>>> print(open('query14.cif').read())   # mmCIF, C-alpha atoms (C1' of nucleotides)
data_model
loop_
_atom_site.label_atom_id
_atom_site.label_comp_id
_atom_site.auth_asym_id
_atom_site.auth_seq_id
_atom_site.Cartn_x
_atom_site.Cartn_y
_atom_site.Cartn_z
CA MET A 1 -7.80 -8.83 3.61
CA ASP A 2 -4.32 -7.84 2.63
CA ASP A 3 -5.52 -7.34 -0.95
CA VAL A 4 -7.99 -4.77 0.30
CA PHE A 5 -5.40 -2.78 2.25
CA LYS A 6 -3.02 -2.89 -0.69
CA ALA A 7 -5.77 -1.79 -3.06
CA LEU A 8 -6.68 1.12 -0.81
CA ALA A 9 -3.05 2.23 -0.54
CA ASP A 10 -3.03 3.91 -3.94
CA PRO A 11 -4.56 7.38 -4.33
CA SER A 12 -5.68 6.73 -7.90
CA ARG A 13 -7.59 3.68 -6.78
CA ARG A 14 -9.22 5.54 -3.90
CA GLU A 15 -10.16 8.19 -6.43
CA LEU A 16 -11.79 5.51 -8.59
CA LEU A 17 -13.76 4.22 -5.63
CA ASP A 18 -14.83 7.77 -4.85
CA ARG A 19 -16.12 8.20 -8.38
CA LEU A 20 -18.04 4.95 -8.23
CA ARG A 21 -19.48 6.04 -4.92
CA ILE A 22 -20.75 9.20 -6.57
CA GLU A 23 -22.00 7.41 -9.67
CA ASN A 24 -22.20 3.65 -9.59
CA GLY A 25 -22.06 1.40 -12.65
CA GLN A 26 -19.65 3.37 -14.84
CA THR A 27 -17.70 1.94 -17.75
CA LEU A 28 -13.93 2.00 -18.16
CA GLY A 29 -14.29 4.86 -20.60
CA ASP A 30 -16.42 6.85 -18.16
CA LEU A 31 -13.87 6.40 -15.42
CA CYS A 32 -11.01 7.48 -17.69
CA ARG A 33 -12.45 10.92 -18.38
CA ARG A 34 -10.54 13.63 -16.55
CA LEU A 35 -8.31 11.02 -14.89
CA ASP A 36 -4.89 12.06 -16.17
CA MET A 37 -3.82 8.53 -17.06
CA THR A 38 -3.91 6.09 -19.94
CA ARG A 39 -6.94 3.85 -20.30
CA GLN A 40 -4.67 0.88 -19.68
CA ALA A 41 -3.41 2.34 -16.43
CA VAL A 42 -6.97 2.83 -15.22
CA SER A 43 -7.79 -0.65 -16.39
CA LYS A 44 -4.97 -2.07 -14.30
CA HIS A 45 -6.13 -0.19 -11.23
CA LEU A 46 -9.63 -1.52 -11.74
CA ALA A 47 -8.23 -5.03 -12.01
CA VAL A 48 -6.60 -4.57 -8.61
CA LEU A 49 -9.86 -3.33 -7.16
CA GLU A 50 -11.69 -6.29 -8.69
CA ALA A 51 -9.13 -8.72 -7.27
CA ALA A 52 -9.69 -7.18 -3.85
CA ASN A 53 -13.41 -7.60 -4.41
CA LEU A 54 -13.94 -3.89 -3.96
CA VAL A 55 -15.65 -3.49 -7.32
CA ALA A 56 -17.88 -5.96 -9.12
CA VAL A 57 -18.29 -6.02 -12.85
CA VAL A 58 -21.23 -6.61 -15.17
CA TRP A 59 -20.67 -7.00 -18.88
CA GLN A 60 -23.22 -5.36 -21.06
CA GLY A 61 -22.36 -5.99 -24.70
CA ARG A 62 -19.02 -4.39 -25.35
CA GLU A 63 -19.23 -2.32 -22.21
CA LYS A 64 -18.00 -3.31 -18.77
CA LEU A 65 -19.96 -1.73 -15.97
CA HIS A 66 -18.22 -1.24 -12.63
CA TYR A 67 -20.08 -1.37 -9.36
CA LEU A 68 -18.77 -0.53 -5.94
CA ASN A 69 -18.80 -3.40 -3.46
CA PRO A 70 -18.76 -1.83 0.00
CA VAL A 71 -18.52 -5.11 1.91
CA PRO A 72 -14.71 -5.39 2.23
CA ILE A 73 -14.39 -1.81 3.43
CA HIS A 74 -17.11 -2.46 5.94
CA GLU A 75 -15.31 -5.55 7.19
CA ILE A 76 -12.06 -3.68 7.63
CA ALA A 77 -13.84 -0.99 9.55
CA GLU A 78 -15.51 -3.57 11.78
CA ARG A 79 -12.72 -6.04 12.36
CA TRP A 80 -9.54 -4.06 12.12
CA ILE A 81 -10.11 -0.37 12.69
CA GLY A 82 -12.63 -1.26 15.38
CA LYS A 83 -9.89 -2.88 17.46
CA PHE A 84 -7.87 0.30 17.41
CA GLU A 85 -10.83 2.49 18.12
CA ARG A 86 -11.55 0.44 21.21
CA SER A 87 -8.05 0.96 22.64
CA ARG A 88 -7.86 4.50 21.33
CA LEU A 89 -8.17 6.48 24.53
CA ASP A 90 -5.86 4.14 26.45
CA ALA A 91 -3.18 4.55 23.80
CA LEU A 92 -3.55 8.31 23.86
CA ALA A 93 -3.21 8.30 27.65
CA ASP A 94 -0.06 6.13 27.42
CA LEU A 95 1.40 8.49 24.88
CA LYS A 96 0.66 11.58 26.91
CA ARG A 97 2.11 10.01 30.04
CA ALA A 98 5.29 8.97 28.23
CA LEU A 99 5.75 12.39 26.68
CA GLU A 100 5.31 14.11 30.01
CA ALA A 101 7.46 11.70 32.01
CA LYS A 102 10.70 11.80 30.07
CA PRO A 103 11.60 15.42 29.36
CA GLY A 104 11.19 16.35 33.04
CA ASP A 105 13.08 13.26 34.18
CA ASP A 106 15.55 15.29 36.21
CA GLU A 107 13.54 16.28 39.23
CA MET B 1 -3.32 10.93 4.71
CA ASP B 2 -1.75 8.99 1.90
CA ASP B 3 1.18 8.18 4.18
CA VAL B 4 -1.23 6.52 6.58
CA PHE B 5 -2.83 4.34 3.91
CA LYS B 6 0.56 3.37 2.54
CA ALA B 7 1.81 2.55 6.02
CA LEU B 8 -1.22 0.38 6.71
CA ALA B 9 -0.81 -1.48 3.43
CA ASP B 10 2.01 -3.68 4.72
CA PRO B 11 1.16 -6.71 6.87
CA SER B 12 4.40 -6.46 8.88
CA ARG B 13 3.57 -2.90 9.81
CA ARG B 14 0.02 -3.80 10.81
CA GLU B 15 1.54 -6.56 12.91
CA LEU B 16 3.76 -4.00 14.61
CA LEU B 17 0.78 -1.79 15.35
CA ASP B 18 -1.04 -4.80 16.75
CA ARG B 19 1.84 -5.52 19.09
CA LEU B 20 1.97 -1.95 20.28
CA ARG B 21 -1.75 -2.06 20.83
CA ILE B 22 -1.26 -5.09 23.08
CA GLU B 23 1.73 -3.60 24.86
CA ASN B 24 2.48 0.04 24.36
CA GLY B 25 5.90 1.65 24.73
CA GLN B 26 8.11 -1.17 23.48
CA THR B 27 11.68 -0.76 22.26
CA LEU B 28 13.00 -1.77 18.85
CA GLY B 29 14.55 -4.86 20.42
CA ASP B 30 11.27 -5.84 22.05
CA LEU B 31 9.43 -5.53 18.76
CA CYS B 32 12.05 -7.60 16.95
CA ARG B 33 11.53 -10.69 19.09
CA ARG B 34 9.67 -13.40 17.21
CA LEU B 35 9.29 -11.12 14.17
CA ASP B 36 11.12 -13.14 11.53
CA MET B 37 13.06 -10.17 10.17
CA THR B 38 16.28 -8.31 10.71
CA ARG B 39 16.37 -5.52 13.24
CA GLN B 40 17.05 -3.12 10.40
CA ALA B 41 13.99 -4.25 8.51
CA VAL B 42 11.84 -3.68 11.59
CA SER B 43 13.54 -0.35 12.09
CA LYS B 44 12.61 0.71 8.56
CA HIS B 45 9.01 -0.29 9.08
CA LEU B 46 8.90 1.70 12.29
CA ALA B 47 10.32 4.68 10.45
CA VAL B 48 7.44 4.46 7.98
CA LEU B 49 4.96 4.28 10.84
CA GLU B 50 6.60 7.28 12.48
CA ALA B 51 6.50 9.25 9.24
CA ALA B 52 2.79 8.49 9.01
CA ASN B 53 2.46 9.66 12.58
CA LEU B 54 1.04 6.30 13.61
CA VAL B 55 3.66 5.77 16.28
CA ALA B 56 5.33 8.34 18.48
CA VAL B 57 8.75 7.86 19.97
CA VAL B 58 10.31 8.69 23.31
CA TRP B 59 14.04 8.30 23.79
CA GLN B 60 15.07 6.96 27.14
CA GLY B 61 18.86 6.73 27.28
CA ARG B 62 19.93 4.33 24.59
CA GLU B 63 16.45 2.91 24.25
CA LYS B 64 13.76 4.15 21.93
CA LEU B 65 10.28 3.58 23.22
CA HIS B 66 7.49 3.28 20.67
CA TYR B 67 3.97 4.40 21.42
CA LEU B 68 0.90 3.89 19.32
CA ASN B 69 -0.79 7.05 18.11
CA PRO B 70 -4.38 6.14 17.28
CA VAL B 71 -5.34 9.57 15.92
CA PRO B 72 -4.59 9.00 12.21
CA ILE B 73 -6.49 5.70 12.16
CA HIS B 74 -9.38 7.40 13.84
CA GLU B 75 -9.37 10.16 11.26
CA ILE B 76 -9.39 7.69 8.40
CA ALA B 77 -12.28 5.87 9.97
CA GLU B 78 -14.17 9.13 10.39
CA ARG B 79 -13.43 10.94 7.19
CA TRP B 80 -12.86 8.24 4.62
CA ILE B 81 -14.43 4.96 5.63
CA GLY B 82 -17.38 6.87 7.03
CA LYS B 83 -18.22 8.14 3.55
CA PHE B 84 -18.39 4.60 2.21
CA GLU B 85 -20.35 3.32 5.17
CA ARG B 86 -22.93 5.99 4.55
CA SER B 87 -23.51 4.92 0.95
CA ARG B 88 -23.06 1.27 1.76
CA LEU B 89 -26.60 0.00 1.44
CA ASP B 90 -27.28 2.04 -1.69
CA ALA B 91 -24.20 0.54 -3.34
CA LEU B 92 -25.22 -2.96 -2.38
CA ALA B 93 -28.66 -2.37 -3.83
CA ASP B 94 -27.15 -1.06 -7.08
CA LEU B 95 -24.94 -4.10 -7.29
CA LYS B 96 -27.74 -6.52 -6.67
CA ARG B 97 -29.95 -4.82 -9.23
CA ALA B 98 -27.19 -4.88 -11.85
CA LEU B 99 -26.42 -8.52 -11.23
CA GLU B 100 -30.04 -9.51 -11.49
CA ALA B 101 -30.82 -7.38 -14.52
CA LYS B 102 -28.23 -8.59 -16.99
CA PRO B 103 -28.05 -12.40 -16.85
CA GLY B 104 -31.83 -12.70 -17.18
CA ASP B 105 -31.91 -10.09 -19.94
CA ASP B 106 -33.68 -12.45 -22.30
CA GLU B 107 -37.21 -12.48 -20.93
"C1'" DA C 1 38.19 2.65 30.83
"C1'" DC C 2 35.93 -1.02 28.42
"C1'" DA C 3 32.88 -4.44 26.82
"C1'" DA C 4 28.24 -5.21 25.91
"C1'" DT C 5 23.95 -3.30 24.42
"C1'" DA C 6 20.64 -0.48 21.53
"C1'" DT C 7 20.28 1.91 17.82
"C1'" DG C 8 21.37 4.54 13.23
"C1'" DC C 9 23.17 5.06 8.54
"C1'" DA C 10 24.45 3.65 3.89
"C1'" DA C 11 25.12 0.68 0.15
"C1'" DC C 12 23.31 -2.81 -2.23
"C1'" DC C 13 19.90 -6.25 -4.25
"C1'" DA C 14 15.59 -8.53 -6.00
"C1'" DT C 15 10.88 -7.87 -6.65
"C1'" DT C 16 6.84 -5.26 -7.11
"C1'" DT C 17 4.45 -1.35 -8.76
"C1'" DG C 18 2.56 2.13 -11.72
"C1'" DG C 19 2.87 3.53 -15.93
"C1'" DT C 20 3.61 3.41 -21.01
"C1'" DT C 21 3.07 1.74 -26.13
"C1'" DG C 22 1.46 -1.47 -29.62
"C1'" DC C 23 -1.47 -4.82 -31.23
"C1'" DA C 24 -5.54 -8.08 -30.89
"C1'" DT C 25 -10.35 -9.03 -30.08
"C1'" DG C 26 -15.20 -8.50 -29.74
"C1'" DT C 27 -19.48 -5.68 -30.40
"C1'" DC C 28 -22.41 -2.18 -32.28
"C1'" DA C 29 -24.40 0.67 -36.03
"C1'" DA C 30 -24.81 2.15 -40.77
"C1'" DT D 1 -19.91 -6.13 -44.29
"C1'" DT D 2 -17.24 -2.74 -42.63
"C1'" DG D 3 -15.62 0.89 -39.78
"C1'" DA D 4 -15.77 2.79 -35.30
"C1'" DC D 5 -15.83 1.91 -30.51
"C1'" DA D 6 -14.80 -0.51 -25.85
"C1'" DT D 7 -11.96 -3.39 -23.99
"C1'" DG D 8 -8.02 -6.98 -23.23
"C1'" DC D 9 -3.30 -8.70 -23.43
"C1'" DA D 10 1.75 -8.48 -23.50
"C1'" DA D 11 6.14 -6.43 -23.52
"C1'" DC D 12 8.70 -3.12 -21.68
"C1'" DC D 13 10.53 0.59 -18.36
"C1'" DA D 14 11.66 3.55 -14.33
"C1'" DA D 15 10.95 4.08 -9.69
"C1'" DA D 16 9.57 2.51 -5.24
"C1'" DT D 17 9.59 -1.23 -1.83
"C1'" DG D 18 11.16 -4.64 1.41
"C1'" DG D 19 14.84 -6.82 2.62
"C1'" DT D 20 19.87 -7.73 3.49
"C1'" DT D 21 24.90 -6.87 5.23
"C1'" DG D 22 28.52 -4.04 7.20
"C1'" DC D 23 30.07 -0.43 9.86
"C1'" DA D 24 29.43 3.70 13.01
"C1'" DT D 25 27.70 5.81 17.22
"C1'" DA D 26 25.93 6.43 21.79
"C1'" DT D 27 24.69 4.61 26.38
"C1'" DT D 28 25.02 1.47 30.12
"C1'" DG D 29 27.13 -1.41 33.80
"C1'" DT D 30 31.23 -3.32 35.80
#
>>> encode(input="query14.cif", output="structure tokens")
Amino acid sequence: MDDVFKALADPSRRELLDRLRIENGQTLGDLCRRLDMTRQAVSKHLAVLEAANLVAVVWQGREKLHYLNPVPIHEIAERWIGKFERSRLDALADLKRALEAKPGDDE
Amino acid sequence: MDDVFKALADPSRRELLDRLRIENGQTLGDLCRRLDMTRQAVSKHLAVLEAANLVAVVWQGREKLHYLNPVPIHEIAERWIGKFERSRLDALADLKRALEAKPGDDE
DNA sequence: ACAATATGCAACCATTTGGTTGCATGTCAA
DNA sequence: TTGACATGCAACCAAATGGTTGCATATTGT
């Protein structure tokens, strides 16, 4: 799971995922267009995304097609973010209480 | 928003958030216990979390109380992960189709 | 006043990261 | 077959990251 978080931490990689979300199954070359980076840089980013299992790859002759795999993101949403969502309002209440309590300590 | 992703990318920092979720309003010292790291290391991580607005801080004398702020995580869930959840099944279908199409190309 | 406690700040270090350039390899099309 | 195209691999580099140690500062309790 750490791989997924790490992969999502980079804006360029999130951009790549966004592009695949808009048009799935693009090649390296496709993804390079208008992405102010070298092909090799993009290639490295894609390797990270592959390692995190966020994109799957299908070779078609000399072309490598990249497909978005939404499963890991879904799992993070379910298992990790979900936890925080559940305690969200409690945490906000704690915060509010703490912020109100201290400054007016001197009554 | 990038700050939030970057902050969430580190396991130690997610651990810290987890601890605050379990018990909100802990001090630096509290958070250091059983966290195999120097106080300064923990302090740096907390600084990153503060910068990302994921924890809020209330000074109480010489103690610094840390409170979880769930808002940024909520926003990411809503605005970013939500997008991918929405196109989730389509992407899975694309993937499946691509995987099935190529290997059995030779019919 | 003073010692203990809770924290901050700065310098330093090793490793990782994001990027580059150069060259090699495999596939398609004429 | 041969040239153009799509990609991979490796070396290299600067900057960011995660961690340390040492010292400074502020607050508390006796």
>>> closest_residue(input="query14.cif", among="B:Gln40, B:Asn53, B:Gln26, B:Asn69", to="chain D", atoms="all atoms listed in the file")
B:Gln40
>>> atom_distance(input="query14.cif", atom1="atom CA of Tyr67 of chain B", atom2="atom CA of Asp94 of chain A")
7.4 Å
>>> resolve_selection(input="query14.cif", expression="the PyMOL selection byres ((chain D and resi 23) around 9)", output="JSON, numbers by chain")
{"C": [9], "D": [22, 24]}
>>> residues_around(input="query14.cif", residues="segment 80-90 of chain A", least_positions_apart="2", cutoff="8 Å", atoms="only C-alpha atoms (C1' of nucleotides)", output="list in words")
Glu75, Ile76, Ala77, Glu78, Leu92, Ala93 and Asp94 of chain A; Arg21, Pro70, Val71, Ile73, His74 and Ala77 of chain B
>>> resolve_selection(input="query14.cif", expression="the PyMOL selection byres ((chain C and resi 13-15) around 12)", output="count of residues only")
10
>>> calpha_fit_and_write(input="query14.cif", fixed="chain B", moving="chain A", output="PDB file with C-alpha atoms, in the coordinates of the input")
ATOM      1  CA  MET A   1      -3.336  10.899   4.680  1.00  0.00           C
ATOM      2  CA  ASP A   2      -1.759   8.960   1.886  1.00  0.00           C
ATOM      3  CA  ASP A   3       1.180   8.150   4.170  1.00  0.00           C
ATOM      4  CA  VAL A   4      -1.220   6.492   6.570  1.00  0.00           C
ATOM      5  CA  PHE A   5      -2.852   4.311   3.914  1.00  0.00           C
ATOM      6  CA  LYS A   6       0.540   3.347   2.542  1.00  0.00           C
ATOM      7  CA  ALA A   7       1.809   2.539   6.024  1.00  0.00           C
ATOM      8  CA  LEU A   8      -1.211   0.358   6.724  1.00  0.00           C
ATOM      9  CA  ALA A   9      -0.796  -1.516   3.438  1.00  0.00           C
ATOM     10  CA  ASP A  10       2.011  -3.712   4.734  1.00  0.00           C
ATOM     11  CA  PRO A  11       1.181  -6.735   6.904  1.00  0.00           C
ATOM     12  CA  SER A  12       4.398  -6.463   8.904  1.00  0.00           C
ATOM     13  CA  ARG A  13       3.567  -2.901   9.817  1.00  0.00           C
ATOM     14  CA  ARG A  14       0.017  -3.799  10.816  1.00  0.00           C
ATOM     15  CA  GLU A  15       1.537  -6.546  12.926  1.00  0.00           C
ATOM     16  CA  LEU A  16       3.771  -3.969  14.621  1.00  0.00           C
ATOM     17  CA  LEU A  17       0.790  -1.760  15.354  1.00  0.00           C
ATOM     18  CA  ASP A  18      -1.039  -4.767  16.757  1.00  0.00           C
ATOM     19  CA  ARG A  19       1.846  -5.480  19.098  1.00  0.00           C
ATOM     20  CA  LEU A  20       1.970  -1.892  20.274  1.00  0.00           C
ATOM     21  CA  ARG A  21      -1.757  -2.024  20.829  1.00  0.00           C
ATOM     22  CA  ILE A  22      -1.266  -5.029  23.076  1.00  0.00           C
ATOM     23  CA  GLU A  23       1.741  -3.555  24.855  1.00  0.00           C
ATOM     24  CA  ASN A  24       2.488   0.102  24.348  1.00  0.00           C
ATOM     25  CA  GLY A  25       5.918   1.693  24.730  1.00  0.00           C
ATOM     26  CA  GLN A  26       8.131  -1.138  23.476  1.00  0.00           C
ATOM     27  CA  THR A  27      11.691  -0.733  22.262  1.00  0.00           C
ATOM     28  CA  LEU A  28      13.023  -1.753  18.860  1.00  0.00           C
ATOM     29  CA  GLY A  29      14.558  -4.822  20.436  1.00  0.00           C
ATOM     30  CA  ASP A  30      11.263  -5.801  22.059  1.00  0.00           C
ATOM     31  CA  LEU A  31       9.446  -5.503  18.770  1.00  0.00           C
ATOM     32  CA  CYS A  32      12.055  -7.603  16.959  1.00  0.00           C
ATOM     33  CA  ARG A  33      11.537 -10.671  19.129  1.00  0.00           C
ATOM     34  CA  ARG A  34       9.678 -13.399  17.275  1.00  0.00           C
ATOM     35  CA  LEU A  35       9.294 -11.145  14.223  1.00  0.00           C
ATOM     36  CA  ASP A  36      11.126 -13.170  11.584  1.00  0.00           C
ATOM     37  CA  MET A  37      13.053 -10.201  10.217  1.00  0.00           C
ATOM     38  CA  THR A  38      16.300  -8.342  10.727  1.00  0.00           C
ATOM     39  CA  ARG A  39      16.385  -5.545  13.276  1.00  0.00           C
ATOM     40  CA  GLN A  40      17.071  -3.135  10.433  1.00  0.00           C
ATOM     41  CA  ALA A  41      14.002  -4.270   8.541  1.00  0.00           C
ATOM     42  CA  VAL A  42      11.845  -3.688  11.605  1.00  0.00           C
ATOM     43  CA  SER A  43      13.542  -0.367  12.103  1.00  0.00           C
ATOM     44  CA  LYS A  44      12.629   0.683   8.581  1.00  0.00           C
ATOM     45  CA  HIS A  45       9.015  -0.312   9.087  1.00  0.00           C
ATOM     46  CA  LEU A  46       8.910   1.700  12.284  1.00  0.00           C
ATOM     47  CA  ALA A  47      10.335   4.679  10.426  1.00  0.00           C
ATOM     48  CA  VAL A  48       7.452   4.438   7.964  1.00  0.00           C
ATOM     49  CA  LEU A  49       4.972   4.274  10.808  1.00  0.00           C
ATOM     50  CA  GLU A  50       6.629   7.274  12.453  1.00  0.00           C
ATOM     51  CA  ALA A  51       6.512   9.236   9.196  1.00  0.00           C
ATOM     52  CA  ALA A  52       2.802   8.484   8.974  1.00  0.00           C
ATOM     53  CA  ASN A  53       2.476   9.670  12.554  1.00  0.00           C
ATOM     54  CA  LEU A  54       1.058   6.325  13.578  1.00  0.00           C
ATOM     55  CA  VAL A  55       3.683   5.769  16.256  1.00  0.00           C
ATOM     56  CA  ALA A  56       5.378   8.349  18.444  1.00  0.00           C
ATOM     57  CA  VAL A  57       8.788   7.862  19.932  1.00  0.00           C
ATOM     58  CA  VAL A  58      10.354   8.723  23.276  1.00  0.00           C
ATOM     59  CA  TRP A  59      14.069   8.324  23.790  1.00  0.00           C
ATOM     60  CA  GLN A  60      15.085   6.985  27.124  1.00  0.00           C
ATOM     61  CA  GLY A  61      18.867   6.757  27.293  1.00  0.00           C
ATOM     62  CA  ARG A  62      19.958   4.325  24.641  1.00  0.00           C
ATOM     63  CA  GLU A  63      16.476   2.935  24.269  1.00  0.00           C
ATOM     64  CA  LYS A  64      13.791   4.183  21.911  1.00  0.00           C
ATOM     65  CA  LEU A  65      10.296   3.618  23.194  1.00  0.00           C
ATOM     66  CA  HIS A  66       7.491   3.312  20.653  1.00  0.00           C
ATOM     67  CA  TYR A  67       3.977   4.440  21.397  1.00  0.00           C
ATOM     68  CA  LEU A  68       0.906   3.915  19.297  1.00  0.00           C
ATOM     69  CA  ASN A  69      -0.764   7.093  18.072  1.00  0.00           C
ATOM     70  CA  PRO A  70      -4.366   6.178  17.281  1.00  0.00           C
ATOM     71  CA  VAL A  71      -5.337   9.586  15.901  1.00  0.00           C
ATOM     72  CA  PRO A  72      -4.601   9.007  12.184  1.00  0.00           C
ATOM     73  CA  ILE A  73      -6.476   5.715  12.163  1.00  0.00           C
ATOM     74  CA  HIS A  74      -9.375   7.412  13.848  1.00  0.00           C
ATOM     75  CA  GLU A  75      -9.373  10.156  11.236  1.00  0.00           C
ATOM     76  CA  ILE A  76      -9.391   7.674   8.391  1.00  0.00           C
ATOM     77  CA  ALA A  77     -12.271   5.854   9.966  1.00  0.00           C
ATOM     78  CA  GLU A  78     -14.192   9.100  10.406  1.00  0.00           C
ATOM     79  CA  ARG A  79     -13.452  10.901   7.176  1.00  0.00           C
ATOM     80  CA  TRP A  80     -12.875   8.214   4.620  1.00  0.00           C
ATOM     81  CA  ILE A  81     -14.412   4.918   5.642  1.00  0.00           C
ATOM     82  CA  GLY A  82     -17.373   6.829   7.042  1.00  0.00           C
ATOM     83  CA  LYS A  83     -18.251   8.087   3.563  1.00  0.00           C
ATOM     84  CA  PHE A  84     -18.427   4.560   2.251  1.00  0.00           C
ATOM     85  CA  GLU A  85     -20.356   3.288   5.205  1.00  0.00           C
ATOM     86  CA  ARG A  86     -22.965   5.951   4.591  1.00  0.00           C
ATOM     87  CA  SER A  87     -23.535   4.871   0.975  1.00  0.00           C
ATOM     88  CA  ARG A  88     -23.079   1.216   1.820  1.00  0.00           C
ATOM     89  CA  LEU A  89     -26.621  -0.053   1.508  1.00  0.00           C
ATOM     90  CA  ASP A  90     -27.291   1.968  -1.649  1.00  0.00           C
ATOM     91  CA  ALA A  91     -24.216   0.485  -3.297  1.00  0.00           C
ATOM     92  CA  LEU A  92     -25.239  -3.012  -2.297  1.00  0.00           C
ATOM     93  CA  ALA A  93     -28.708  -2.431  -3.750  1.00  0.00           C
ATOM     94  CA  ASP A  94     -27.185  -1.141  -7.022  1.00  0.00           C
ATOM     95  CA  LEU A  95     -24.976  -4.180  -7.211  1.00  0.00           C
ATOM     96  CA  LYS A  96     -27.788  -6.610  -6.573  1.00  0.00           C
ATOM     97  CA  ARG A  97     -29.992  -4.914  -9.147  1.00  0.00           C
ATOM     98  CA  ALA A  98     -27.241  -4.983 -11.773  1.00  0.00           C
ATOM     99  CA  LEU A  99     -26.462  -8.629 -11.132  1.00  0.00           C
ATOM    100  CA  GLU A 100     -30.099  -9.597 -11.407  1.00  0.00           C
ATOM    101  CA  ALA A 101     -30.869  -7.457 -14.450  1.00  0.00           C
ATOM    102  CA  LYS A 102     -28.245  -8.653 -16.890  1.00  0.00           C
ATOM    103  CA  PRO A 103     -28.189 -12.450 -16.876  1.00  0.00           C
ATOM    104  CA  GLY A 104     -31.964 -12.609 -17.425  1.00  0.00           C
ATOM    105  CA  ASP A 105     -31.835  -9.905 -20.089  1.00  0.00           C
ATOM    106  CA  ASP A 106     -33.582 -12.082 -22.649  1.00  0.00           C
ATOM    107  CA  GLU A 107     -37.159 -12.033 -21.490  1.00  0.00           C
TER     108      GLU A 107
END
>>> resolve_selection(input="query14.cif", expression="the PyMOL selection byres ((chain D) within 9 of (chain A))", output="ChimeraX atom specification")
/D:5-7
>>> axis_aligned_box(input="query14.cif", around="segment 4-16 of chain D", padding_each_side="4 Å", output="JSON")
{"center_x": -2.1, "center_y": -2.3, "center_z": -20.3, "size_x": 35.5, "size_y": 20.8, "size_z": 38.1}
>>> atom_distance(input="query14.cif", atom1="atom CA of Pro11 of chain B", atom2="atom CA of Leu68 of chain B")
16.4 Å
>>> interface_residues(input="query14.cif", of="chain C", to="chain B", cutoff="9 Å", atoms="all atoms listed in the file", output="mmCIF file with C-alpha atoms (C1' of nucleotides), in the frame of the given file")
data_model
loop_
_atom_site.group_PDB
_atom_site.id
_atom_site.type_symbol
_atom_site.label_atom_id
_atom_site.label_comp_id
_atom_site.auth_asym_id
_atom_site.auth_seq_id
_atom_site.Cartn_x
_atom_site.Cartn_y
_atom_site.Cartn_z
ATOM 1 C "C1'" DT C 5 23.950 -3.300 24.420
ATOM 2 C "C1'" DA C 6 20.640 -0.480 21.530
ATOM 3 C "C1'" DT C 7 20.280 1.910 17.820
#
>>> atom_distance(input="query14.cif", atom1="atom CA of His45 of chain A", atom2="atom CA of Met1 of chain B")
19.6 Å
>>> residues_near_point(input="query14.cif", point="(3.5, -7.2, 14.7)", cutoff="10 Å", atoms="all atoms listed in the file", output="JSON, numbers by chain")
{"B": [11, 12, 13, 14, 15, 16, 17, 18, 19, 20, 21, 22, 31, 32, 33, 34, 35, 42]}
>>> residues_around(input="query14.cif", residues="DA30 of chain C", least_positions_apart="5", cutoff="12 Å", atoms="only C-alpha atoms (C1' of nucleotides)", output="list in words")
DT1, DT2, DG3 and DA4 of chain D
>>> residues_near_point(input="query14.cif", point="(-0.1, 10.6, 2.5)", cutoff="10 Å", atoms="all atoms listed in the file", output="list in words")
Ala9, Asp10 and Pro11 of chain A; Met1, Asp2, Asp3, Val4, Phe5, Lys6, Ala7, Ala51 and Ala52 of chain B
